[in-house]
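Below: final_31.txt (compact mmCIF, N, CA and C atoms)
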# COMPACT_ATOMS: atom_id res chain seq x y z
N MET L 1426 -2.00 -16.62 70.12
CA MET L 1426 -1.00 -17.46 69.47
C MET L 1426 0.32 -16.70 69.40
N LEU L 1427 1.41 -17.38 69.73
CA LEU L 1427 2.73 -16.77 69.64
C LEU L 1427 3.13 -16.64 68.18
N THR L 1428 3.95 -15.62 67.86
CA THR L 1428 4.40 -15.49 66.47
C THR L 1428 5.36 -16.60 66.11
N ASP L 1429 6.22 -17.01 66.99
CA ASP L 1429 7.11 -18.15 66.77
C ASP L 1429 7.02 -19.01 68.03
N PRO L 1430 6.04 -19.90 68.07
CA PRO L 1430 5.76 -20.60 69.32
C PRO L 1430 6.80 -21.63 69.74
N PHE L 1431 7.61 -22.09 68.81
CA PHE L 1431 8.51 -23.19 69.12
C PHE L 1431 9.91 -22.70 69.46
N PRO L 1432 10.44 -23.17 70.58
CA PRO L 1432 11.82 -22.80 70.90
C PRO L 1432 12.78 -23.50 69.93
N SER L 1433 13.97 -22.97 69.83
CA SER L 1433 14.98 -23.59 68.97
C SER L 1433 15.42 -24.92 69.59
N LYS L 1434 16.10 -25.72 68.78
CA LYS L 1434 16.62 -26.99 69.31
C LYS L 1434 17.62 -26.73 70.43
N HIS L 1435 18.38 -25.64 70.33
CA HIS L 1435 19.36 -25.32 71.37
C HIS L 1435 18.66 -25.01 72.69
N GLU L 1436 17.60 -24.22 72.64
CA GLU L 1436 16.85 -23.91 73.86
C GLU L 1436 16.23 -25.17 74.45
N LEU L 1437 15.70 -26.01 73.57
CA LEU L 1437 15.06 -27.24 74.03
C LEU L 1437 16.08 -28.17 74.69
N LEU L 1438 17.24 -28.33 74.07
CA LEU L 1438 18.27 -29.18 74.65
C LEU L 1438 18.80 -28.61 75.96
N GLN L 1439 18.92 -27.29 76.04
CA GLN L 1439 19.35 -26.67 77.30
C GLN L 1439 18.34 -26.93 78.41
N ALA L 1440 17.06 -26.82 78.07
CA ALA L 1440 16.02 -27.09 79.07
C ALA L 1440 16.10 -28.54 79.53
N CYS L 1441 16.33 -29.45 78.60
CA CYS L 1441 16.45 -30.86 78.95
C CYS L 1441 17.63 -31.10 79.88
N ARG L 1442 18.66 -30.29 79.78
CA ARG L 1442 19.84 -30.46 80.62
C ARG L 1442 19.79 -29.65 81.90
N GLY L 1443 18.69 -28.97 82.14
CA GLY L 1443 18.53 -28.33 83.44
C GLY L 1443 18.69 -26.83 83.47
N VAL L 1444 18.98 -26.21 82.32
CA VAL L 1444 19.03 -24.75 82.28
C VAL L 1444 17.61 -24.26 82.55
N PRO L 1445 17.42 -23.35 83.49
CA PRO L 1445 16.06 -22.90 83.80
C PRO L 1445 15.33 -22.46 82.53
N PRO L 1446 14.16 -23.07 82.28
CA PRO L 1446 13.46 -22.84 81.03
C PRO L 1446 12.66 -21.54 80.96
N GLY L 1447 12.64 -20.75 82.00
CA GLY L 1447 11.83 -19.53 81.97
C GLY L 1447 10.36 -19.90 81.99
N ASP L 1448 9.56 -19.10 81.32
CA ASP L 1448 8.12 -19.34 81.38
C ASP L 1448 7.56 -20.00 80.11
N HIS L 1449 8.43 -20.48 79.23
CA HIS L 1449 7.94 -21.12 78.01
C HIS L 1449 7.41 -22.51 78.36
N PRO L 1450 6.15 -22.77 78.07
CA PRO L 1450 5.56 -24.05 78.48
C PRO L 1450 6.24 -25.27 77.87
N LEU L 1451 6.66 -25.19 76.64
CA LEU L 1451 7.30 -26.34 76.00
C LEU L 1451 8.64 -26.66 76.67
N LEU L 1452 9.39 -25.64 77.02
CA LEU L 1452 10.67 -25.85 77.68
C LEU L 1452 10.49 -26.41 79.09
N ARG L 1453 9.50 -25.90 79.80
CA ARG L 1453 9.22 -26.40 81.15
C ARG L 1453 8.82 -27.87 81.11
N LEU L 1454 7.94 -28.22 80.16
CA LEU L 1454 7.49 -29.60 80.04
C LEU L 1454 8.62 -30.53 79.58
N ALA L 1455 9.50 -30.04 78.71
CA ALA L 1455 10.65 -30.84 78.27
C ALA L 1455 11.56 -31.14 79.46
N ARG L 1456 11.76 -30.16 80.32
CA ARG L 1456 12.60 -30.37 81.52
C ARG L 1456 11.97 -31.42 82.43
N GLU L 1457 10.64 -31.33 82.61
CA GLU L 1457 9.96 -32.32 83.45
C GLU L 1457 10.07 -33.72 82.85
N LEU L 1458 9.94 -33.82 81.54
CA LEU L 1458 10.07 -35.12 80.88
C LEU L 1458 11.48 -35.69 81.07
N THR L 1459 12.49 -34.86 80.96
CA THR L 1459 13.86 -35.34 81.15
C THR L 1459 14.06 -35.83 82.58
N ASP L 1460 13.53 -35.10 83.55
CA ASP L 1460 13.61 -35.54 84.94
C ASP L 1460 13.00 -36.93 85.10
N LEU L 1461 11.85 -37.13 84.48
CA LEU L 1461 11.17 -38.43 84.58
C LEU L 1461 11.98 -39.53 83.91
N HIS L 1462 12.58 -39.22 82.77
CA HIS L 1462 13.42 -40.23 82.11
C HIS L 1462 14.64 -40.57 82.95
N GLU L 1463 15.21 -39.58 83.61
CA GLU L 1463 16.35 -39.85 84.49
C GLU L 1463 15.93 -40.74 85.66
N GLN L 1464 14.76 -40.46 86.23
CA GLN L 1464 14.24 -41.29 87.31
C GLN L 1464 13.99 -42.72 86.81
N ARG L 1465 13.46 -42.81 85.60
CA ARG L 1465 13.15 -44.13 85.03
C ARG L 1465 14.43 -44.93 84.82
N LEU L 1466 15.48 -44.29 84.33
CA LEU L 1466 16.76 -44.98 84.14
C LEU L 1466 17.29 -45.50 85.48
N CYS L 1467 17.22 -44.68 86.51
CA CYS L 1467 17.69 -45.10 87.83
C CYS L 1467 16.84 -46.26 88.36
N SER L 1468 15.54 -46.17 88.17
CA SER L 1468 14.65 -47.23 88.64
C SER L 1468 14.87 -48.53 87.87
N ALA L 1469 15.15 -48.42 86.58
CA ALA L 1469 15.36 -49.61 85.76
C ALA L 1469 16.65 -50.33 86.18
N ARG L 1470 17.65 -49.59 86.66
CA ARG L 1470 18.90 -50.19 87.11
C ARG L 1470 18.80 -50.78 88.52
N ASP L 1471 17.83 -50.29 89.27
CA ASP L 1471 17.66 -50.73 90.65
C ASP L 1471 16.79 -51.99 90.68
N THR L 1472 17.39 -53.11 91.03
CA THR L 1472 16.64 -54.37 91.02
C THR L 1472 15.56 -54.40 92.09
N ASN L 1473 15.63 -53.51 93.07
CA ASN L 1473 14.61 -53.46 94.11
C ASN L 1473 13.48 -52.48 93.78
N ALA L 1474 13.62 -51.77 92.67
CA ALA L 1474 12.58 -50.80 92.31
C ALA L 1474 11.28 -51.54 91.99
N GLU L 1475 10.21 -50.97 92.42
CA GLU L 1475 8.91 -51.57 92.16
C GLU L 1475 8.44 -51.20 90.76
N ARG L 1476 7.84 -52.16 90.11
CA ARG L 1476 7.28 -51.93 88.76
C ARG L 1476 6.25 -50.79 88.81
N ARG L 1477 5.54 -50.69 89.92
CA ARG L 1477 4.53 -49.65 90.06
C ARG L 1477 5.15 -48.26 89.95
N HIS L 1478 6.37 -48.12 90.49
CA HIS L 1478 7.06 -46.82 90.42
C HIS L 1478 7.35 -46.46 88.95
N ILE L 1479 7.83 -47.43 88.18
CA ILE L 1479 8.10 -47.19 86.77
C ILE L 1479 6.80 -46.88 86.02
N ASP L 1480 5.75 -47.60 86.36
CA ASP L 1480 4.44 -47.34 85.73
C ASP L 1480 3.95 -45.93 86.06
N ASP L 1481 4.18 -45.49 87.29
CA ASP L 1481 3.79 -44.12 87.68
C ASP L 1481 4.57 -43.09 86.88
N ILE L 1482 5.85 -43.33 86.67
CA ILE L 1482 6.68 -42.43 85.87
C ILE L 1482 6.14 -42.37 84.44
N ASP L 1483 5.85 -43.53 83.86
CA ASP L 1483 5.34 -43.58 82.49
C ASP L 1483 3.97 -42.91 82.37
N SER L 1484 3.16 -43.05 83.38
CA SER L 1484 1.84 -42.39 83.38
C SER L 1484 2.01 -40.87 83.41
N ARG L 1485 2.91 -40.39 84.23
CA ARG L 1485 3.16 -38.94 84.30
C ARG L 1485 3.73 -38.44 82.99
N ARG L 1486 4.61 -39.23 82.36
CA ARG L 1486 5.15 -38.85 81.04
C ARG L 1486 4.02 -38.72 80.03
N ALA L 1487 3.11 -39.68 80.03
CA ALA L 1487 1.98 -39.64 79.08
C ALA L 1487 1.15 -38.37 79.30
N ASP L 1488 0.96 -37.98 80.55
CA ASP L 1488 0.23 -36.75 80.85
C ASP L 1488 0.95 -35.53 80.28
N LEU L 1489 2.28 -35.48 80.44
CA LEU L 1489 3.05 -34.34 79.95
C LEU L 1489 3.06 -34.30 78.42
N VAL L 1490 3.16 -35.45 77.78
CA VAL L 1490 3.10 -35.50 76.32
C VAL L 1490 1.74 -34.97 75.84
N ARG L 1491 0.69 -35.37 76.50
CA ARG L 1491 -0.65 -34.88 76.16
C ARG L 1491 -0.75 -33.37 76.38
N ASP L 1492 -0.15 -32.86 77.45
CA ASP L 1492 -0.14 -31.41 77.70
C ASP L 1492 0.58 -30.67 76.57
N ILE L 1493 1.70 -31.21 76.13
CA ILE L 1493 2.43 -30.59 75.01
C ILE L 1493 1.56 -30.60 73.77
N ASP L 1494 0.95 -31.72 73.46
CA ASP L 1494 0.13 -31.83 72.25
C ASP L 1494 -1.05 -30.86 72.28
N ARG L 1495 -1.65 -30.69 73.43
CA ARG L 1495 -2.77 -29.74 73.55
C ARG L 1495 -2.27 -28.30 73.37
N TRP L 1496 -1.12 -28.00 73.96
CA TRP L 1496 -0.56 -26.66 73.82
C TRP L 1496 -0.22 -26.38 72.36
N VAL L 1497 0.39 -27.34 71.69
CA VAL L 1497 0.81 -27.16 70.30
C VAL L 1497 -0.38 -26.88 69.40
N ILE L 1498 -1.46 -27.60 69.57
CA ILE L 1498 -2.65 -27.40 68.73
C ILE L 1498 -3.14 -25.95 68.81
N LEU L 1499 -3.03 -25.36 70.00
CA LEU L 1499 -3.47 -23.97 70.17
C LEU L 1499 -2.52 -22.97 69.50
N GLN L 1500 -1.27 -23.38 69.25
CA GLN L 1500 -0.27 -22.48 68.69
C GLN L 1500 -0.19 -22.52 67.17
N LEU L 1501 -0.64 -23.61 66.58
CA LEU L 1501 -0.41 -23.82 65.16
C LEU L 1501 -1.35 -23.02 64.26
N PRO L 1502 -0.80 -22.48 63.18
CA PRO L 1502 -1.67 -21.90 62.16
C PRO L 1502 -2.32 -23.06 61.39
N PRO L 1503 -3.39 -22.78 60.69
CA PRO L 1503 -3.96 -23.86 59.86
C PRO L 1503 -2.93 -24.31 58.83
N SER L 1504 -2.84 -25.60 58.63
CA SER L 1504 -1.89 -26.12 57.65
C SER L 1504 -2.49 -26.02 56.26
N HIS L 1505 -1.61 -26.00 55.27
CA HIS L 1505 -2.06 -26.00 53.88
C HIS L 1505 -2.75 -27.32 53.59
N GLY L 1506 -3.67 -27.31 52.67
CA GLY L 1506 -4.41 -28.52 52.32
C GLY L 1506 -3.51 -29.67 51.91
N ALA L 1507 -2.37 -29.36 51.34
CA ALA L 1507 -1.46 -30.40 50.88
C ALA L 1507 -0.35 -30.70 51.89
N ALA L 1508 -0.47 -30.18 53.09
CA ALA L 1508 0.57 -30.39 54.10
C ALA L 1508 0.67 -31.87 54.45
N HIS L 1509 1.89 -32.36 54.48
CA HIS L 1509 2.12 -33.76 54.85
C HIS L 1509 1.94 -33.93 56.35
N ILE L 1510 1.44 -35.08 56.74
CA ILE L 1510 1.27 -35.34 58.16
C ILE L 1510 2.54 -35.99 58.70
N HIS L 1511 2.95 -35.55 59.88
CA HIS L 1511 4.11 -36.14 60.55
C HIS L 1511 3.67 -37.43 61.23
N THR L 1512 4.57 -38.34 61.43
CA THR L 1512 4.21 -39.64 62.00
C THR L 1512 3.95 -39.61 63.50
N GLU L 1513 4.48 -38.60 64.19
CA GLU L 1513 4.31 -38.50 65.63
C GLU L 1513 3.85 -37.10 66.01
N THR L 1514 3.25 -37.00 67.17
CA THR L 1514 2.90 -35.68 67.68
C THR L 1514 4.18 -35.00 68.17
N LEU L 1515 4.10 -33.69 68.36
CA LEU L 1515 5.27 -32.98 68.87
C LEU L 1515 5.57 -33.41 70.30
N GLY L 1516 4.54 -33.73 71.05
CA GLY L 1516 4.76 -34.23 72.41
C GLY L 1516 5.59 -35.50 72.41
N ALA L 1517 5.33 -36.39 71.47
CA ALA L 1517 6.11 -37.63 71.37
C ALA L 1517 7.56 -37.33 70.98
N VAL L 1518 7.75 -36.36 70.11
CA VAL L 1518 9.11 -35.98 69.70
C VAL L 1518 9.87 -35.38 70.88
N VAL L 1519 9.24 -34.50 71.64
CA VAL L 1519 9.89 -33.89 72.79
C VAL L 1519 10.18 -34.95 73.86
N ASP L 1520 9.27 -35.89 74.05
CA ASP L 1520 9.50 -36.97 75.00
C ASP L 1520 10.72 -37.79 74.58
N LYS L 1521 10.85 -38.05 73.30
CA LYS L 1521 12.00 -38.81 72.80
C LYS L 1521 13.29 -38.01 72.96
N LEU L 1522 13.22 -36.70 72.73
CA LEU L 1522 14.40 -35.85 72.96
C LEU L 1522 14.82 -35.89 74.43
N ALA L 1523 13.83 -35.85 75.32
CA ALA L 1523 14.11 -35.93 76.75
C ALA L 1523 14.74 -37.28 77.09
N GLN L 1524 14.21 -38.35 76.51
CA GLN L 1524 14.75 -39.68 76.75
C GLN L 1524 16.19 -39.79 76.24
N TYR L 1525 16.43 -39.32 75.02
CA TYR L 1525 17.78 -39.39 74.46
C TYR L 1525 18.76 -38.53 75.25
N THR L 1526 18.30 -37.40 75.75
CA THR L 1526 19.16 -36.55 76.58
C THR L 1526 19.55 -37.29 77.86
N ALA L 1527 18.56 -37.87 78.52
CA ALA L 1527 18.84 -38.61 79.76
C ALA L 1527 19.80 -39.77 79.48
N CYS L 1528 19.59 -40.47 78.40
CA CYS L 1528 20.45 -41.62 78.05
C CYS L 1528 21.86 -41.16 77.68
N ALA L 1529 21.97 -40.08 76.93
CA ALA L 1529 23.28 -39.60 76.52
C ALA L 1529 24.11 -39.18 77.73
N PHE L 1530 23.50 -38.50 78.68
CA PHE L 1530 24.24 -38.08 79.85
C PHE L 1530 24.51 -39.24 80.80
N ALA L 1531 23.61 -40.22 80.84
CA ALA L 1531 23.86 -41.42 81.63
C ALA L 1531 25.02 -42.21 81.03
N ALA L 1532 25.13 -42.19 79.70
CA ALA L 1532 26.21 -42.92 79.03
C ALA L 1532 27.58 -42.34 79.38
N LEU L 1533 27.62 -41.07 79.72
CA LEU L 1533 28.89 -40.46 80.13
C LEU L 1533 29.47 -41.16 81.37
N ALA L 1534 28.59 -41.75 82.16
CA ALA L 1534 29.01 -42.34 83.42
C ALA L 1534 29.56 -43.75 83.29
N GLY L 1535 29.53 -44.34 82.11
CA GLY L 1535 30.08 -45.69 82.08
C GLY L 1535 29.88 -46.48 80.80
N ALA L 1536 29.40 -45.88 79.77
CA ALA L 1536 29.21 -46.62 78.53
C ALA L 1536 30.52 -46.73 77.76
N SER L 1537 30.54 -47.67 76.86
CA SER L 1537 31.72 -47.78 75.99
C SER L 1537 31.75 -46.57 75.05
N GLN L 1538 32.88 -46.39 74.41
CA GLN L 1538 33.01 -45.26 73.47
C GLN L 1538 31.96 -45.35 72.37
N TRP L 1539 31.68 -46.56 71.89
CA TRP L 1539 30.68 -46.74 70.82
C TRP L 1539 29.29 -46.40 71.32
N GLU L 1540 28.93 -46.88 72.51
CA GLU L 1540 27.60 -46.60 73.06
C GLU L 1540 27.43 -45.11 73.30
N LEU L 1541 28.48 -44.50 73.81
CA LEU L 1541 28.43 -43.06 74.06
C LEU L 1541 28.25 -42.29 72.76
N GLY L 1542 29.02 -42.65 71.75
CA GLY L 1542 28.90 -41.98 70.45
C GLY L 1542 27.53 -42.18 69.84
N ASP L 1543 26.99 -43.39 69.94
CA ASP L 1543 25.65 -43.65 69.41
C ASP L 1543 24.59 -42.82 70.12
N ALA L 1544 24.68 -42.73 71.44
CA ALA L 1544 23.70 -41.97 72.21
C ALA L 1544 23.71 -40.50 71.80
N TRP L 1545 24.89 -39.92 71.66
CA TRP L 1545 24.99 -38.51 71.28
C TRP L 1545 24.57 -38.29 69.84
N GLU L 1546 24.86 -39.25 68.97
CA GLU L 1546 24.45 -39.11 67.57
C GLU L 1546 22.93 -39.15 67.44
N GLN L 1547 22.28 -40.07 68.17
CA GLN L 1547 20.82 -40.13 68.15
C GLN L 1547 20.22 -38.81 68.63
N LEU L 1548 20.77 -38.27 69.70
CA LEU L 1548 20.28 -37.02 70.25
C LEU L 1548 20.44 -35.89 69.24
N ALA L 1549 21.60 -35.79 68.62
CA ALA L 1549 21.86 -34.72 67.64
C ALA L 1549 20.93 -34.84 66.44
N GLU L 1550 20.73 -36.05 65.94
CA GLU L 1550 19.85 -36.23 64.78
C GLU L 1550 18.41 -35.88 65.11
N LEU L 1551 17.94 -36.30 66.28
CA LEU L 1551 16.56 -35.97 66.65
C LEU L 1551 16.40 -34.48 66.88
N ALA L 1552 17.41 -33.82 67.44
CA ALA L 1552 17.34 -32.37 67.64
C ALA L 1552 17.22 -31.65 66.30
N LEU L 1553 17.97 -32.10 65.30
CA LEU L 1553 17.84 -31.52 63.95
C LEU L 1553 16.45 -31.77 63.38
N GLY L 1554 15.95 -32.99 63.59
CA GLY L 1554 14.61 -33.31 63.12
C GLY L 1554 13.55 -32.44 63.79
N TYR L 1555 13.72 -32.19 65.10
CA TYR L 1555 12.80 -31.30 65.80
C TYR L 1555 12.82 -29.91 65.18
N ASP L 1556 14.01 -29.38 64.92
CA ASP L 1556 14.13 -28.04 64.34
C ASP L 1556 13.41 -27.96 62.99
N ASP L 1557 13.62 -28.97 62.15
CA ASP L 1557 12.94 -29.01 60.85
C ASP L 1557 11.43 -29.08 61.02
N LEU L 1558 10.98 -29.94 61.92
CA LEU L 1558 9.55 -30.10 62.15
C LEU L 1558 8.94 -28.80 62.66
N ALA L 1559 9.58 -28.15 63.60
CA ALA L 1559 9.06 -26.90 64.15
C ALA L 1559 8.92 -25.84 63.04
N ALA L 1560 9.91 -25.75 62.18
CA ALA L 1560 9.86 -24.77 61.07
C ALA L 1560 8.72 -25.11 60.11
N GLU L 1561 8.56 -26.38 59.79
CA GLU L 1561 7.50 -26.78 58.86
C GLU L 1561 6.11 -26.58 59.47
N LEU L 1562 5.98 -26.84 60.76
CA LEU L 1562 4.70 -26.62 61.44
C LEU L 1562 4.35 -25.14 61.46
N SER L 1563 5.33 -24.31 61.79
CA SER L 1563 5.09 -22.86 61.85
C SER L 1563 4.69 -22.30 60.49
N ALA L 1564 5.25 -22.88 59.43
CA ALA L 1564 4.94 -22.42 58.08
C ALA L 1564 3.67 -23.06 57.52
N GLY L 1565 3.11 -24.03 58.22
CA GLY L 1565 1.89 -24.69 57.74
C GLY L 1565 2.15 -25.75 56.68
N ARG L 1566 3.42 -26.11 56.47
CA ARG L 1566 3.74 -27.12 55.46
C ARG L 1566 3.65 -28.54 56.00
N ARG L 1567 3.54 -28.69 57.29
CA ARG L 1567 3.46 -30.00 57.93
C ARG L 1567 2.35 -29.93 58.95
N ARG L 1568 1.69 -31.02 59.17
CA ARG L 1568 0.67 -31.08 60.22
C ARG L 1568 0.92 -32.30 61.08
N LEU L 1569 0.31 -32.29 62.24
CA LEU L 1569 0.53 -33.35 63.23
C LEU L 1569 -0.71 -34.22 63.34
N PRO L 1570 -0.53 -35.47 63.76
CA PRO L 1570 -1.71 -36.29 63.99
C PRO L 1570 -2.63 -35.62 65.01
N GLY L 1571 -3.90 -35.54 64.69
CA GLY L 1571 -4.87 -34.93 65.58
C GLY L 1571 -4.88 -33.42 65.59
N GLY L 1572 -4.02 -32.80 64.77
CA GLY L 1572 -3.93 -31.34 64.77
C GLY L 1572 -4.74 -30.70 63.66
N PRO L 1573 -4.69 -29.35 63.62
CA PRO L 1573 -5.45 -28.62 62.61
C PRO L 1573 -4.86 -28.78 61.22

Let me see the structure of the file written as structure tokens.
Amino acid sequence: MLTDPFPSKHELLQACRGVPPGDHPLLRLARELTDLHEQRLCSARDTNAERRHIDDIDSRRADLVRDIDRWVILQLPPSHGAAHIHTETLGAVVDKLAQYTACAFAALAGASQWELGDAWEQLAELALGYDDLAAELSAGRRRLPGGP
């Protein structure tokens, strides 16, 4: 078990934007999820894209989310008996961060000022939420669905 298994929100956001994640599994998986979300956005805009292609992307995303969740369970200390449960797994949170990153950068290419601001605000708020969740998980004050 790593002493501090979770990367910071800054490292996670950098990985989502393509900064080489090194050998940290969570950063590598976050980068892969962002790539898939970018592909999904392109496919959703392409009227000739096959639904099967989008389904394949979503299936691969589900596999990566499951990989994150399995990795996280191995890293977590036992939570306190009174630890509150989070509503989503960490894999779901990282997947959402990857989605918001892809959407925020896609919005740079043509969204209105309001849409662009909303996309970046959602990303910033979720990144803060990730940071809080990671700290609470590491301290054993929060637990995840299906986790220890």

message: Just checking: using only N, CA and C atoms, which residue out of L:Ala1527, L:Arg1485, L:Gln1500, L:Arg1477 ends up closest to Cys1441 of chain L?
response: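 Selected residue with least distance to Cys1441 of chain L: L:Ala1527.
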
task: Point out the residue among L:Val1490, L:Glu1546, L:Leu1541, L:Asp1483 with the least atom-to-atom distance to Val1518 of chain L, counting only C-alpha atoms.
output: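 Result for the nearest residue to Val1518 of chain L: L:Val1490.
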
field: Secondary structure check, helix (DSSP H, G or I) residues of segment 1440-1571 of chain L, as a PyMOL selection string
entry: chain L and resi 1440-1441+1450-1470+1476-1500+1515-1532+1538-1564

message: List the spatial neighbours of segment 1461-1468 of chain L as a list in words - criterion: any atom at most 8 Å away, only N, CA and C atoms, same-chain residues fewer than 5 positions off excluded.
response: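 My list of contacting residues is Ala1455, Arg1456, Asn1473, Ala1474, Glu1475, His1478, Ile1479, Ile1482, Asp1483, Arg1485, Arg1486, Ala1523, Gln1524, Tyr1525, Thr1526, Ala1527 and Cys1528 of chain L.
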
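Using all atoms listed in the file, the set of residues no farther than 6.5 Å from the position (13.0, -30.6, 77.5) comprises Leu1437, Leu1438, Ala1440, Cys1441, Arg1442, Leu1451, Leu1452, Arg1453, Leu1454, Ala1455, Arg1456, Glu1457, Leu1458, Thr1459, Val1519, Leu1522 and Ala1523 of chain L.
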
- prompt: Restricting the calculation to all atoms listed in the file, which member of L:Ser1563, L:Ile1493, L:Asp1481, L:Ala1544 is positioned closest to Thr1514 of chain L?
  reply: L:Ile1493

Distance in Å - atom CA of Lys1434 of chain L versus atom CA of Leu1553 of chain L: 7.1 Å

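Here atom N of Glu1513 of chain L and atom C of Ala1469 of chain L stand 27.7 Å from one another.
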
field: atom CA of Asp1488 of chain L to atom CA of Pro1450 of chain L, straight-line distance in Å
entry: 14.0 Å

Nearest to Arg1491 of chain L, chosen from L:Gly1542, L:Gly1571, L:Pro1432, L:Pro1445, with only C-alpha atoms counted in the distances: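 The answer is L:Gly1571, which sits nearest to Arg1491 of chain L.
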
- prompt: Smallest atom-to-atom distance to Pro1430 of chain L: which of L:Ala1549, L:Trp1496, L:Thr1512, L:Ala1487, using only C-alpha atoms?
  reply: L:Trp1496

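DSSP annotation of chain L from backbone atoms: strand (DSSP E or B) residues are His1509, Ile1510, Arg1567 and Arg1568 of chain L.
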
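By chain and then residue number, the residues within 7 Å of Leu1489 of chain L are Leu1454, Ser1484, Asp1494 and Gly1516 of chain L, counting all atoms listed in the file and disregarding those fewer than 5 positions away in sequence.
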
- prompt: Between L:Lys1521, L:Trp1545, L:Ile1510, L:Asp1557, which one has atoms that come closest to Pro1570 of chain L, using only C-alpha atoms?
  reply: L:Ile1510
